[in-house]
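I have placed the structure first, in the form of structure tokens, so that the comments after it can refer back to it.
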Amino acid sequence: MSHKKSSLMPGDVENLRRRSAADSSERYVDPDQHHQLPRRQSQNDWLGVGPQHPELGAVESPPPEASSHHICHYTPKCFLTVHRGGHGTSARSTPTRGARSTPSRFGEEGWHDASTKTTIRAENEVEAHREANNYKFGFRKWKASVTERPIEDQSDLIKELYSDLTLVKPREGSVLTLGNVVYVISFGWWISLIYLLICPVMCLTIFGIPYGKLCLKMAWYFIWPFGKSLEKAGDVVRRPIGRPPKIEVIPEESVGEDNKDHTRDAAPLLMSSPAPVEIPVPEHAARKTPHHWCRISTFLWLLLGYPVLVVVHCLACVLSWLLVFTIPVAKMNARTMTTVLLMAPEDVQIHRLEKTYVCEGRVILCCYQAFNVYYYKYTVQGISIFALNLLPLVIITLIIGYVDHKHVYFSPETKFATAITSIIPLSYFIGMGIASISAQSNFAVGAVVNATFGSITEMTFYITALLRGHNAGTKCYEEIVKAALTGTLLGCILFIPGICMIIGGIKHREQRFNSRSAGVSSALLFISIGGVFAPTLFSKTFGNLVCESCSNVPGNGSVPFVCKDCHYDSSQTDAHFILSQIEPLVYTISVLLPAAYLIGLIFTLKTHSHIYDIHISDGQGGHAHGGHHHVVHWSRWRALAVLIVATVLMACCADLSTENLEPLLTDSSISQYFIGVTLLAMVPELPEIVNGVLFAVQNNISLSLEVGSCIAVQVCMIQIPLLILFNAFYDVGFVLVFSDIHLWSSIFSVILVNYIFMDGKCDYFQGTALVVVYLILLALYFFAPSPRSC
């Protein structure tokens, strides 16, 4: 039978899709009978163009090595289907390949459930659980992965980030970039200068002349290393790069009426034209070099030259690593220090790569760029590079804080700055530990871990501040704690949603979310803030009106009676009134708020768990049974150990920050309200802000909004009741009565957010409105007079 080659026309594409859809409907098997009925295979299945990917117009042929074992290779993925409803947050439903619709188990409401569910793609079951926890009430929202993804499955961009700078490959474009020029100004000139200074020293020893020549080579290399390769003589292996095969479609021939049934099941055939295939080149046998470790020149090099260069390259490594975006410079210096400088000098060869270079090869060192903006995605054992770089600051804080008690070498302001900054990486490690344990455990364990360790960052600071104020006999620290609580509420209600809307709106123009779910969150915030500020309203209604100064002329009724700075003060109220009225109200609220939080957990995890029904699919309508191999960054025990260590370090940093806070409270011209609302409230929440922004960038604004709501709810329903419980067992004088500025700022913020969330849409303008209101409130706190107790 002869066939005529032609390209695939639009009509043929439509016929192909209709035939695939028809075959899909004919072969559909109920999921419950999936293991009982054999699946009928048609020619479409054999060729890999069947119903798995009916939307594809062009189909790639399998690679040669895959075709030797099987014709169609499929890699299963995990899909997460979260049904929306109740308190859940809706995300935009995204179509996924290979997902079949199954009959709903909710009867007539199946169509409604199917229209309000969101399918989320996950690499494995652990990642699927992490994604599911993000949609659970009371769980921290965590963006970073908790499992290690094989580097082979990563994109070329990520592979380049983790490259060891030994691969030579064709590169398009020039190496003359701004980042490379900045490298010459920042690193290249002084590294090359050190090599030039060591060169005459080695040459003067006569025996070290080979290493002097090596220093000249390295000086020339480091002044501009881009587009050059460091190679070992005789060890370079190159291989040509093959082009991808070209696929041609052979359409079916028209046949007679008798063969209509045969043509009905036929499908176009795929034929690959001959294409160059990458053939591995056997490695050359390593050339036997003299045993240079026994030479006199090597001993002179290790004595005079190498130690100095180790210091130089270590300094360059540390500086470039801390700058994050210049990590390629750190890799280059590290490989030079550990490999190149320990080789025989005659084996080191430097070659300039031409633009016509079309082969791949392995060399000792090859770098094309010194600056890569995508290194913000770089992780080490799942830990963000920024958190890892800030970790030494925690050790420095503990050393200077507990060694220099009398502030001889460092001022209290410096110690406070380092202590409050050290809280950022510790908050990240606590969040990573919580996410790791929750993803590897059931939802009940995850809920307990989130409820306990989720608030440990703030609670350590609040308790240490109250203890220090109690020991000092001042109420100023209590006012600072109340300002920090209010600042956390304002930041979570206004700033976090606002900044996420701005960044997400700039990239995606307009984003949508479930207004009903957002309305439930707003109502929950109303309940929480109403409960927290109820004692404040009670004290203002029944408390004493206290005035600082009043003017009155006895016996002269025409002169007005003028009083200044009048306010309701419960501290000067009758002690019996406080004990009999206000404290019982506070204790009642401290019981009701955690009870409401517990009811929310039971609702989402037990009684109405089907609202958040999780379906892990293998992409073909079946269920994945956990057969996919994955490596977890942190095991449960390791994550628990990290949580405990980070909590202890957090307590130490909180103690140092409160210890060195006193000079700012007494000598600073800035209002103590402003210090509590900004520094002490928002710095520990920076990892959460980053998570919210990352969700917004990926067009998942629902989770971005839930980040702030989750923190605000935990502040009101967990942290404040815990502070009241702590005060009940160890009386530090904490009374749940806030000042007027805290009361009205919080109520106004909740009303504004409820209004913004009404239409279920957001853009950068609405986010700007929230951020501007937040900045206005910050200005209000900045110019407000300090609390009377300070």
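A note on labels: chains of the structure tokens are A, B, ... as shown, every chain counts residues from 1, and ligands are counted from 1 in their shown order.
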
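Residues in contact with Gln440 of chain A at up to 8 Å, not including ones fewer than 6 positions away on its chain and judged by only C-alpha atoms, are Val126, His129 and Arg636 of chain A.
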
- Enumerate, as a PyMOL selection string, the complete set of residues in segment 731-790 of chain A that a backbone-based DSSP assignment places in helix (DSSP H, G or I). chain A and resi 740-756+764-783

Keeping only C-alpha atoms, write the selected residues to a file as a PDB file, in the first residue's frame.
ATOM      1  CA  ASP A 740      -8.358  54.083  71.508  1.00  0.00           C
ATOM      2  CA  ILE A 741      -5.931  54.243  68.594  1.00  0.00           C
ATOM      3  CA  HIS A 742      -5.654  50.439  68.518  1.00  0.00           C
ATOM      4  CA  LEU A 743      -9.402  49.971  68.791  1.00  0.00           C
ATOM      5  CA  TRP A 744     -10.507  52.245  65.970  1.00  0.00           C
ATOM      6  CA  SER A 745      -7.637  51.340  63.639  1.00  0.00           C
ATOM      7  CA  SER A 746      -8.480  47.647  63.824  1.00  0.00           C
ATOM      8  CA  ILE A 747     -12.231  48.112  63.395  1.00  0.00           C
ATOM      9  CA  PHE A 748     -11.730  50.451  60.424  1.00  0.00           C
ATOM     10  CA  SER A 749      -9.325  48.013  58.776  1.00  0.00           C
ATOM     11  CA  VAL A 750     -11.724  45.078  59.016  1.00  0.00           C
ATOM     12  CA  ILE A 751     -14.566  47.134  57.549  1.00  0.00           C
ATOM     13  CA  LEU A 752     -12.384  48.285  54.661  1.00  0.00           C
ATOM     14  CA  VAL A 753     -11.162  44.770  53.837  1.00  0.00           C
ATOM     15  CA  ASN A 754     -14.719  43.420  53.956  1.00  0.00           C
ATOM     16  CA  TYR A 755     -15.724  46.073  51.422  1.00  0.00           C
ATOM     17  CA  ILE A 756     -12.790  45.267  49.119  1.00  0.00           C
ATOM     18  CA  TYR A 764      -3.362  46.542  41.683  1.00  0.00           C
ATOM     19  CA  PHE A 765      -5.570  49.587  42.341  1.00  0.00           C
ATOM     20  CA  GLN A 766      -7.441  47.890  45.182  1.00  0.00           C
ATOM     21  CA  GLY A 767      -4.127  46.652  46.559  1.00  0.00           C
ATOM     22  CA  THR A 768      -2.761  50.186  46.388  1.00  0.00           C
ATOM     23  CA  ALA A 769      -5.783  51.423  48.359  1.00  0.00           C
ATOM     24  CA  LEU A 770      -5.099  48.914  51.144  1.00  0.00           C
ATOM     25  CA  VAL A 771      -1.385  49.747  51.282  1.00  0.00           C
ATOM     26  CA  VAL A 772      -2.070  53.504  51.312  1.00  0.00           C
ATOM     27  CA  VAL A 773      -4.503  53.102  54.208  1.00  0.00           C
ATOM     28  CA  TYR A 774      -1.887  51.037  56.028  1.00  0.00           C
ATOM     29  CA  LEU A 775       0.715  53.765  55.497  1.00  0.00           C
ATOM     30  CA  ILE A 776      -1.754  56.400  56.738  1.00  0.00           C
ATOM     31  CA  LEU A 777      -2.252  54.423  59.937  1.00  0.00           C
ATOM     32  CA  LEU A 778       1.521  54.088  60.305  1.00  0.00           C
ATOM     33  CA  ALA A 779       1.832  57.860  59.989  1.00  0.00           C
ATOM     34  CA  LEU A 780      -0.835  58.173  62.663  1.00  0.00           C
ATOM     35  CA  TYR A 781       1.211  55.973  64.987  1.00  0.00           C
ATOM     36  CA  PHE A 782       4.439  57.773  64.094  1.00  0.00           C
ATOM     37  CA  PHE A 783       3.146  61.192  65.164  1.00  0.00           C
TER      38      PHE A 783
END

- Task: With a distance cut-off of 10 Å and only C-alpha atoms, select the neighbouring residues of Tyr183 of chain A, excluding the residue or stretch itself and same-chain residues fewer than 3 positions from it, and output the selection as a list in words.
- Result: Thr177, Leu178, Gly179, Asn180, Ser186, Phe187, Gly188, Trp189, Phe222, Ile223, Trp224, Pro225, Ser320, Thr326, Val329, Gln369, Ala370 and Phe371 of chain A

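Between Tyr378 of chain A and the residues A:Met682, A:Ala144, A:Ala596, A:Val645, the shortest atom-to-atom distance, using only C-alpha atoms, involves A:Ala144.
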
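Distance check against Asp759 of chain A using only C-alpha atoms: of A:Phe139, A:Phe513, A:Phe207, A:Thr147, the minimum falls on A:Phe513.
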
- What gap, in Å, lies between atom CA of Cys790 of chain A and atom CA of Val735 of chain A? 16.3 Å

- Message: Taking 2 positions as the minimum chain separation for residues in the same chain, which residues sit within 12 Å of segment 392-407 of chain A when counting only C-alpha atoms? Answer as JSON, numbers by chain.
- Response: {"A": [318, 322, 386, 387, 388, 389, 390, 409, 410, 411, 412, 413, 414, 415, 416, 417, 418, 419, 420, 421, 422, 423, 424, 425, 426, 427, 646, 648, 649, 650, 651, 652, 653, 654, 655, 656, 657, 658, 659, 660, 663]}

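Among the candidates A:Asn699, A:His292, A:Pro787, A:Arg149, the one nearest to Glu510 of chain A when counting only C-alpha atoms is A:Asn699.
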
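Going from atom CA of Leu525 of chain A over to atom CA of Ala784 of chain A, you cover 26.0 Å.
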
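The spacing separating atom CA of Lys213 of chain A from atom CA of Leu341 of chain A amounts to 12.3 Å.
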